[in-house]
Each structure stands twice: as structure tokens, then as C-alpha cells.
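Down below is the structure, laid out as C-alpha cells.
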Amino acid sequence: MHGIILAGGSGSRLWPLSRELYPKQLLRLNNSKESLLEMTFLRLLDVIDEKNIISITNQKHSGDVRTQLNNLASNPVVLSEPVAKNTAPAIAAAVKYILDTRCDDVIIVAPSDPLIKDVKAFSKTVKEGEKLAQAGYIVTFGVMPNSPQTGYGYIKAKEPIENGFKVDEFKEKPDEKTAKKYLEDGNYYWNSGIFMFKASVFVEALKKYAKDIYENFEKLDFRTNENIPYEIFNLMPSISVDYAVMEHAKNIALVPLQSDWNDLGCWDAIYEVNKKDECGNVKMGNIMEEGCKNSLLYASDRLVAGVGLEDVVIVETSDAVLACKMDKTQDVKKIYDKLKEIKDDTFKIHRTVYRPWGYYTVLNQGEGYLTKMICVFKKGQLSLQSHNYRSEHWVVLSGTARVTLDNKNFMLKPGQSIDIPVKVKHSLANPYDEELKIMEVQRGEKLVEEDIIRYKDIYGRVKA
């Protein structure tokens with residue numbers, strides 16, 4: 001069996017914690033040591049060999065995805081979409097990679113963002129679904145609903161077959177009245193977004209129902225290169241696998257998911273899965289409250305104090321605060337979309353960004369300049385890199401920096417500084433046990449994280 005992890009979502013309803021450049025699948029949202037992506041990989045490891053798990057994500061997340069998976073596997077396969085095109089093209093590209101480099105096998109497609117704690121029950125369900133996939137079905141895993149949720153798609157089951165049901169139809173996210181009808185009917189399941197099929201069966205479905213994807217699918221060739229060509233992938237339509245294939249195919253089977261499942265799609269879902277105090281509050285971070293009930297209070301950088309709050313969500317980060325009623329958390333996406341529309345970077349990136357070597361905090365930014373405080377953990381090391389559009393000036397605040405600049409090494413103490421010219425290869429390392437902190441001042445016409453050309457990296461972000 002092979003596995004495909006879809007790791008390219010945005011998690012917009014979990015703003016301000018989830019951002020475009022650091023979405024929810026990379027976060028640790030339920031007091032776990034692992035991110036949702038890492039938990040998904042470990043869950044698949046229970047039924048699939050690590051070398052047969054392929055992750056696909058947008059190129060702007062590929063470095064973070066690879067960094068996290070490097071902690072779990074020796075050489076994880078991470079495919080990078082050159083442009084976001086929704087789930088159908090992403091799955092098609094990953095399936096083509098498996099066919100080009102492996103074999104026609106049963107494949108399970110797993111989103112990277114749901115929370116599933118009962119791994120053994122999940123594995124048992126996967127094994128049952130595998131039998132139907134081997135028989136030629138495209139299998140979808142349904143979740144028996146326990147409330148009239150309006151944030152999920154639904155699947156209507158009809159006559160039973162071995163280990164599951166044939167599928168009558170897929171339903172879009174309903175209004176509350178319709179969701180209640182689905183719940184009362186008893187034949188409707190939440191769409192978990194988890195699928196299983198033989199590679200050849202999926203390809204036939206693309207050929208029959210999604211010809212514009214199939215034509216470009218045929219042009220992809222991974223036999224010598226893992227890169228997805230922009231000029232081919234960009235020709236595919238941006239469409240979900242539900243619209244492209246699942247709603248049209250006749251050989252769809254539903255297997256009820258026997259494990260727990262939570263989409264963690266919005267803040268009320270985060271509230272549901274976390275431990276509550278005697279008044280029904282979930283408190284995460286530096287929280288002080290008086291007389292609050294049934295609320296979620298999350299503090300990232302500062303003290304958050306609440307008095308007399310009930311059924312609300314308060315989420316604080318270094319650059320934004322969200323306050324909303326518990327029953328309105330689905331509407332947080334509207335705030336995210338408005339920020340994106342007016343080009344406010346608060347939708348895109350945190351002021352503090354974590355990397356495998358440490359973190360940086362953006363302190364100030366203006367026309368042609370940007371300042372950061374960079375913290376490098378002990379034994380941490382930034383990649384050997386260069387920039388096409390910006391120069392940098394580093395000042396050591398604390399610790400000792402080993403700077404590599406144009407093949408020369410420099411050891412800098414607090415108060416000492418160095419200039420990094422445009423296009424010159426450079427690296428920064430902390431060879432000691434004390435944290436290294438430096439001030440970085442960038443100057444240039446284009447001050448973006450994408451302006452990094454990596455040559456060597458101890459964290460596996462440069463492919464050999």
C-alpha cells in the first residue's frame with residue numbers, strides 16, 4: 001500500500017494562529033508534541049512503510065513540511081506544487097509519481113489536518129477499505145455525525161456491501177435545517193476527505209470524468225525528476241477531487257470510520273478536543289480569568305485576562321487578537337479573506353516565525369528595509385544561501401556567531417557586525433550551548449522569504 005498526504009491547506013478559519021505561510025497542519029493544536037502533519041505521517045506508518053508515504057504541498061510550505069518529516073523518516077518524499085490547484089490536481093500528480101517510480105498499488109489519500117487519536121481503530125478501517133479498493137472501488141471514509149454540523153460535506157449511503165455501503169450521492173455543506181434532516185435520516189455521513197483506490201482505477205476515473213486534468217497528468221514524468229513542472233501543472237483546473245471525480249463516478253464505496261475524527265477546522269473544534277476546567281473553559285498560555293464560562297482563551301505572547309465572558313473565543317498572537325462568539329467561529333474565514341483582499345500581511349505570516357534552527361521576529365518594515373531579531377538555538381545553523389534582491393547587515397546581540405561569507409569564516413562577539421552583499425553566499429551558525437541572537441537589517445527592492453537560494457542545509461531543505 002502507498003499513502004499520499006495532502007499538506008497544502010491554508011487553515012483560514014483558525015486565524016490568527018494559522019497563517020497562509022504557516023497553516024494549521026504545521027501547528028501543535030491539542031497540546032501534542034507533534035504537529036497535525038506529523039501525527040498524520042505517524043498514523044499512516046501503522047499500515048504503510050515510510051518509503052511508500054508521499055507528501056504533496058504547495059512550494060511555499062515545502063521547506064517546513066520537509067523539516068517536520070525529517071524528524072520521522074530518513075528521506076521523506078515531498079512533492080511541491082508550483083501553484084495551488086486544489087485537491088484533484090494534487091492527488092493526480094502524486095498518483096503519477098507513484099506510477100512512474102513504484103507500481104500500480106492501492107493508495108490511501110489522507111488530509112494532513114484532522115485529529116485522529118485512536119490509531120488502531122483507524123488502521124482497522126483502512127484494512128477493511130483496502131479490500132474494496134482491491135475489488136475496483138474508489139473508497140471514501142465516512143464519519144457518523146453526532147451533531148448537525150454545517151461546516152462539513154455529507155455523503156449519503158445506500159445498500160450495504162462488504163465492509164461498507166455503496167454511495168448514493170455527495171452533498172455540499174448544508175444549512176442548519178438541512179444538516180438536522182441529515183442527522184435524523186441516519187444514512188448520511190460526514191465527508192472525512194480520506195480516500196482509497198488502486199492507482200489505475202483513479203486514472204480511469206480522471207480519463208472519464210476530468211479530461212482536462214488527465215491530459216496534463218499524462219505529460220508529467222517523475223522517472224528522473226521529482227519536480228512538478230509549472231507549465232504543465234498550471235494548465236490543470238483548480239478543482240477538488242469531490243467535484244472532479246467523486247460526484248460522477250459510479251464505483252464509489254463508503255466505509256464508516258471506526259476511529260475518532262475531528263476536522264479541527266475552526267476554533268469551536270479546538271475547544272471541543274481540549275481539557276476544560278470546572279467552568280467549562282479551555283485556557284492555553286498565560287491566562288487570567290474571573291467568572292468566565294464555556295470559553296476558549298488562548299494567549300501566545302502576552303497575558304490575556306477575561307472577566308465574565310461566556311461562550312466566546314479569545315485568541316491572542318503577537319500581531320493580532322481574535323474575539324468571537326463560540327457559535328460564529330465558522331465566520332473567522334471572512335476576516336481572513338478581508339485581510340487578504342486589502343493585502344494586509346496579517347493573513348499571511350506571523351511576526352515570529354519558527355525554523356528548525358531557531359526563530360526570527362520581524363521588528364519593523366518599511367519601503368526598502370526590514371529589521372529582524374534572529375535567535376539561533378545551540379548547535380543550530382542556517383543554510384548556506386544567497387539573495388538576488390537584498391543585502392543584509394548583522395549585529396550580534398548575545399552569544400557568539402560563526403559567519404561564513406564568500407568561503408571565509410568569521411567569529412563575531414556581541415557588538416560586532418558584518419555586511420552581507422547581494423548575491424554573495426553566506427551562512428550563520430551557533431556552535432555553542434548559549435543561544436545566539438543577532439539583529440538583521442535587510443535593504444533592497446524585494447524583501448520576501450522566497451528570495452532565498454539554498455546550496456547546503458543540515459535540515460534536508462536542499463535536495464541532493
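Note on naming: chains are A, B, ... as they come in the C-alpha cells, residues start from 1 per chain, ligands start from 1 in the order shown.
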*asked:* From a backbone DSSP assignment, name each residue in stretch 143-231 of chain A labelled helix (DSSP H, G or I), as an MDAnalysis selection string.
replied: chainID A and resid 176:185 199:209 211:217 230:231
Export of the given selection (C-alpha atoms) as a CSV table (one decimal), in the first residue's frame:
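Contents of result.csv, as written:
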chain,number,residue,atom,x,y,z
A,176,GLU,CA,-28.5,24.1,9.8
A,177,LYS,CA,-32.1,23.0,8.9
A,178,THR,CA,-30.8,20.6,6.2
A,179,ALA,CA,-28.0,19.3,8.5
A,180,LYS,CA,-30.6,18.4,11.1
A,181,LYS,CA,-32.5,16.4,8.5
A,182,TYR,CA,-29.3,14.6,7.5
A,183,LEU,CA,-28.7,13.7,11.2
A,184,GLU,CA,-32.2,12.4,11.7
A,185,ASP,CA,-32.1,10.4,8.5
A,199,ALA,CA,-3.9,3.9,-8.9
A,200,SER,CA,-5.1,2.5,-12.2
A,201,VAL,CA,-8.8,2.9,-11.1
A,202,PHE,CA,-8.2,6.5,-10.2
A,203,VAL,CA,-6.5,7.2,-13.6
A,204,GLU,CA,-9.5,5.7,-15.4
A,205,ALA,CA,-11.8,8.0,-13.4
A,206,LEU,CA,-9.7,11.0,-14.4
A,207,LYS,CA,-9.8,9.9,-18.0
A,208,LYS,CA,-13.6,9.6,-18.0
A,209,TYR,CA,-14.7,12.5,-15.8
A,211,LYS,CA,-10.2,15.1,-19.1
A,212,ASP,CA,-8.5,18.5,-18.6
A,213,ILE,CA,-6.7,17.0,-15.6
A,214,TYR,CA,-6.0,13.7,-17.3
A,215,GLU,CA,-4.4,15.2,-20.4
A,216,ASN,CA,-1.8,17.1,-18.3
A,217,PHE,CA,-1.5,14.1,-15.9
A,230,TYR,CA,4.8,24.7,-13.6
A,231,GLU,CA,4.0,24.9,-17.3
*Leaving out A:Tyr432 and any residue of its chain fewer than 6 positions from it, which residues lie within 9 Å of it when counting only C-alpha atoms, given as an MDAnalysis selection string?*
chainID A and resid 377:380 399:401
Taking C-alpha atoms for each residue, export the selection above as a PDB file, in the first residue's frame.
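Result saved to selection-v1.pdb:
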ATOM      1  CA  PHE A 377      19.447  27.667  19.130  1.00  0.00           C
ATOM      2  CA  LYS A 378      22.568  25.879  20.367  1.00  0.00           C
ATOM      3  CA  LYS A 379      24.280  23.924  17.587  1.00  0.00           C
ATOM      4  CA  GLY A 380      21.807  25.460  15.127  1.00  0.00           C
ATOM      5  CA  GLY A 399      26.226  34.709  22.114  1.00  0.00           C
ATOM      6  CA  THR A 400      28.922  34.036  19.531  1.00  0.00           C
ATOM      7  CA  ALA A 401      28.218  33.840  15.791  1.00  0.00           C
TER       8      ALA A 401
END
*asked:* Here is a test: counting only C-alpha atoms, which residue of A:Leu45, A:Val106, A:Leu254, A:Leu17 is nearest to A:Thr140?
replied: A:Leu254
*When distances are computed from only C-alpha atoms, which of A:Gln365, A:Ser417, A:Thr329, A:Thr67 shows the smallest separation from A:Leu37?*
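Closest residue, counting only C-alpha atoms: A:Thr67.
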*Counting only C-alpha atoms, figure out which residue out of A:Arg223, A:Arg443, A:His248, A:Arg43 gets nearest to A:Ala210.*
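Among the listed residues, the smallest separation from A:Ala210 belongs to A:His248.
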*Do a neighbour search on A:Ala121 at 10 Å with only C-alpha atoms, toss out local chain neighbours closer than 5 positions, and write the hits as a PyMOL selection string.*
chain A and resi 116+126+257-260
Export N, CA and C atoms of the chosen residues as a short mmCIF file (atom, residue, chain, number, x, y, z; two decimals), in the first residue's frame?
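Listing of selection-v8.cif after writing:
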data_model
loop_
_atom_site.label_atom_id
_atom_site.label_comp_id
_atom_site.auth_asym_id
_atom_site.auth_seq_id
_atom_site.Cartn_x
_atom_site.Cartn_y
_atom_site.Cartn_z
N ILE A 116 -6.98 12.52 14.72
CA ILE A 116 -7.45 11.15 14.95
C ILE A 116 -6.56 10.55 16.02
N VAL A 126 -8.82 1.14 7.65
CA VAL A 126 -8.04 1.18 6.42
C VAL A 126 -7.93 -0.20 5.80
N LEU A 257 -15.75 5.21 9.24
CA LEU A 257 -14.52 5.34 10.00
C LEU A 257 -14.78 4.90 11.44
N GLN A 258 -14.04 3.90 11.91
CA GLN A 258 -14.28 3.34 13.24
C GLN A 258 -13.56 4.13 14.35
N SER A 259 -12.62 4.96 13.95
CA SER A 259 -11.88 5.74 14.95
C SER A 259 -12.60 7.06 15.22
N ASP A 260 -12.06 7.81 16.17
CA ASP A 260 -12.50 9.18 16.37
C ASP A 260 -12.01 10.01 15.19
#
_10 Å contact set for stretch 272-276 of chain A, only C-alpha atoms, chain neighbours under 3 positions out, as a ChimeraX atom specification_ = /A:29-31,115,262,264,267-269,279-284,294-296
Would you save the residues from that selection as a short mmCIF file (atom, residue, chain, number, x, y, z; two decimals), in the first residue's frame, using N, CA and C atoms?
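Wrote it out as again.cif, contents follow:
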data_model
loop_
_atom_site.label_atom_id
_atom_site.label_comp_id
_atom_site.auth_asym_id
_atom_site.auth_seq_id
_atom_site.Cartn_x
_atom_site.Cartn_y
_atom_site.Cartn_z
N LEU A 29 -1.88 21.80 17.94
CA LEU A 29 -3.10 22.47 18.37
C LEU A 29 -3.80 21.82 19.56
N ASN A 30 -3.40 20.64 19.96
CA ASN A 30 -4.11 19.96 21.05
C ASN A 30 -3.14 19.54 22.15
N ASN A 31 -2.19 20.44 22.44
CA ASN A 31 -1.17 20.19 23.47
C ASN A 31 -0.36 18.93 23.18
N LEU A 115 -7.66 15.57 13.33
CA LEU A 115 -7.14 14.94 14.54
C LEU A 115 -7.80 13.58 14.69
N ASN A 262 -11.77 14.44 14.12
CA ASN A 262 -12.16 15.85 14.29
C ASN A 262 -11.39 16.67 13.27
N LEU A 264 -10.85 19.75 13.15
CA LEU A 264 -10.15 20.91 13.72
C LEU A 264 -10.18 22.09 12.75
N TRP A 267 -12.33 27.22 15.55
CA TRP A 267 -11.95 27.32 16.97
C TRP A 267 -12.88 26.56 17.90
N ASP A 268 -14.15 26.38 17.55
CA ASP A 268 -15.02 25.61 18.43
C ASP A 268 -14.61 24.13 18.43
N ALA A 269 -14.00 23.66 17.32
CA ALA A 269 -13.48 22.29 17.29
C ALA A 269 -12.25 22.16 18.19
N CYS A 279 -15.44 25.18 35.07
CA CYS A 279 -16.43 26.10 34.48
C CYS A 279 -16.55 25.95 32.98
N GLY A 280 -15.92 24.90 32.44
CA GLY A 280 -16.05 24.65 31.01
C GLY A 280 -15.12 25.49 30.15
N ASN A 281 -14.08 26.08 30.75
CA ASN A 281 -13.15 26.91 29.98
C ASN A 281 -11.93 26.11 29.53
N VAL A 282 -11.46 26.40 28.32
CA VAL A 282 -10.17 25.91 27.84
C VAL A 282 -9.21 27.08 27.91
N LYS A 283 -8.14 26.92 28.68
CA LYS A 283 -7.17 28.01 28.86
C LYS A 283 -5.80 27.54 28.38
N MET A 284 -5.24 28.27 27.43
CA MET A 284 -3.96 27.90 26.83
C MET A 284 -3.06 29.13 26.84
N ASN A 294 -17.47 28.35 29.74
CA ASN A 294 -17.60 27.72 28.43
C ASN A 294 -16.91 28.51 27.32
N SER A 295 -15.70 28.96 27.59
CA SER A 295 -14.97 29.80 26.65
C SER A 295 -13.58 29.23 26.38
N LEU A 296 -13.02 29.63 25.24
CA LEU A 296 -11.66 29.28 24.89
C LEU A 296 -10.81 30.54 24.95
#
_In stretch 130-226 of chain A, DSSP strand (DSSP E or B) residues written as a VMD selection string_ = chain A and resid 138 to 143 154 to 161 164 to 171 188 to 198
Same residues, C-alpha atoms, saved as a PDB file, in the first residue's frame:
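selection_3.pdb, written as the output of this step:
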ATOM      1  CA  ILE A 138     -12.966   4.161  -5.112  1.00  0.00           C
ATOM      2  CA  VAL A 139     -13.406   4.173  -1.342  1.00  0.00           C
ATOM      3  CA  THR A 140     -14.386   7.143   0.771  1.00  0.00           C
ATOM      4  CA  PHE A 141     -14.250   7.013   4.565  1.00  0.00           C
ATOM      5  CA  GLY A 142     -17.325   8.493   6.228  1.00  0.00           C
ATOM      6  CA  VAL A 143     -17.750   9.757   9.771  1.00  0.00           C
ATOM      7  CA  TYR A 154     -22.024  14.945   3.631  1.00  0.00           C
ATOM      8  CA  ILE A 155     -22.203  11.569   1.868  1.00  0.00           C
ATOM      9  CA  LYS A 156     -25.465   9.617   1.535  1.00  0.00           C
ATOM     10  CA  ALA A 157     -25.053   5.838   1.794  1.00  0.00           C
ATOM     11  CA  LYS A 158     -27.375   3.311   0.130  1.00  0.00           C
ATOM     12  CA  GLU A 159     -27.318  -0.528   0.027  1.00  0.00           C
ATOM     13  CA  PRO A 160     -24.706  -2.364   2.087  1.00  0.00           C
ATOM     14  CA  ILE A 161     -21.721  -4.127   0.524  1.00  0.00           C
ATOM     15  CA  GLY A 164     -19.376  -0.728   3.849  1.00  0.00           C
ATOM     16  CA  PHE A 165     -22.013   0.769   1.579  1.00  0.00           C
ATOM     17  CA  LYS A 166     -22.460   1.912  -1.970  1.00  0.00           C
ATOM     18  CA  VAL A 167     -22.694   5.689  -2.219  1.00  0.00           C
ATOM     19  CA  ASP A 168     -25.890   7.381  -3.343  1.00  0.00           C
ATOM     20  CA  GLU A 169     -24.619  10.963  -3.607  1.00  0.00           C
ATOM     21  CA  PHE A 170     -22.320  13.639  -2.192  1.00  0.00           C
ATOM     22  CA  LYS A 171     -23.840  16.723  -0.573  1.00  0.00           C
ATOM     23  CA  TYR A 188     -25.670  10.454   5.929  1.00  0.00           C
ATOM     24  CA  TYR A 189     -22.010  10.597   6.903  1.00  0.00           C
ATOM     25  CA  TRP A 190     -19.573  13.467   7.196  1.00  0.00           C
ATOM     26  CA  ASN A 191     -17.047  13.513   4.371  1.00  0.00           C
ATOM     27  CA  SER A 192     -13.663  12.955   6.060  1.00  0.00           C
ATOM     28  CA  GLY A 193     -11.700  13.744   2.888  1.00  0.00           C
ATOM     29  CA  ILE A 194      -9.895  10.386   3.206  1.00  0.00           C
ATOM     30  CA  PHE A 195      -9.986   8.244   0.038  1.00  0.00           C
ATOM     31  CA  MET A 196      -8.566   4.933  -1.163  1.00  0.00           C
ATOM     32  CA  PHE A 197      -8.239   3.377  -4.618  1.00  0.00           C
ATOM     33  CA  LYS A 198      -5.965   1.463  -6.931  1.00  0.00           C
TER      34      LYS A 198
END
Please list as a tab-separated table (two decimals) with N, CA and C atoms, in the first residue's frame every residue within 9 Å of A:Lys51, counting only C-alpha atoms and excluding residues in the same chain fewer than 6 positions away.
chain	number	residue	atom	x	y	z
A	2	HIS	N	0.41	2.29	-0.67
A	2	HIS	CA	1.07	3.59	-0.66
A	2	HIS	C	0.15	4.62	-0.01
A	73	ALA	N	11.31	10.36	9.36
A	73	ALA	CA	11.73	9.42	8.32
A	73	ALA	C	13.10	9.83	7.80
A	74	SER	N	13.83	8.85	7.26
A	74	SER	CA	15.20	9.11	6.84
A	74	SER	C	15.29	9.96	5.57
A	75	ASN	N	14.40	9.75	4.65
A	75	ASN	CA	14.43	10.53	3.40
A	75	ASN	C	13.01	10.67	2.87
A	76	PRO	N	12.17	11.48	3.53
A	76	PRO	CA	10.76	11.58	3.14
A	76	PRO	C	10.59	12.17	1.74
A	77	VAL	N	9.62	11.66	1.01
A	77	VAL	CA	9.31	12.19	-0.32
A	77	VAL	C	8.32	13.33	-0.16
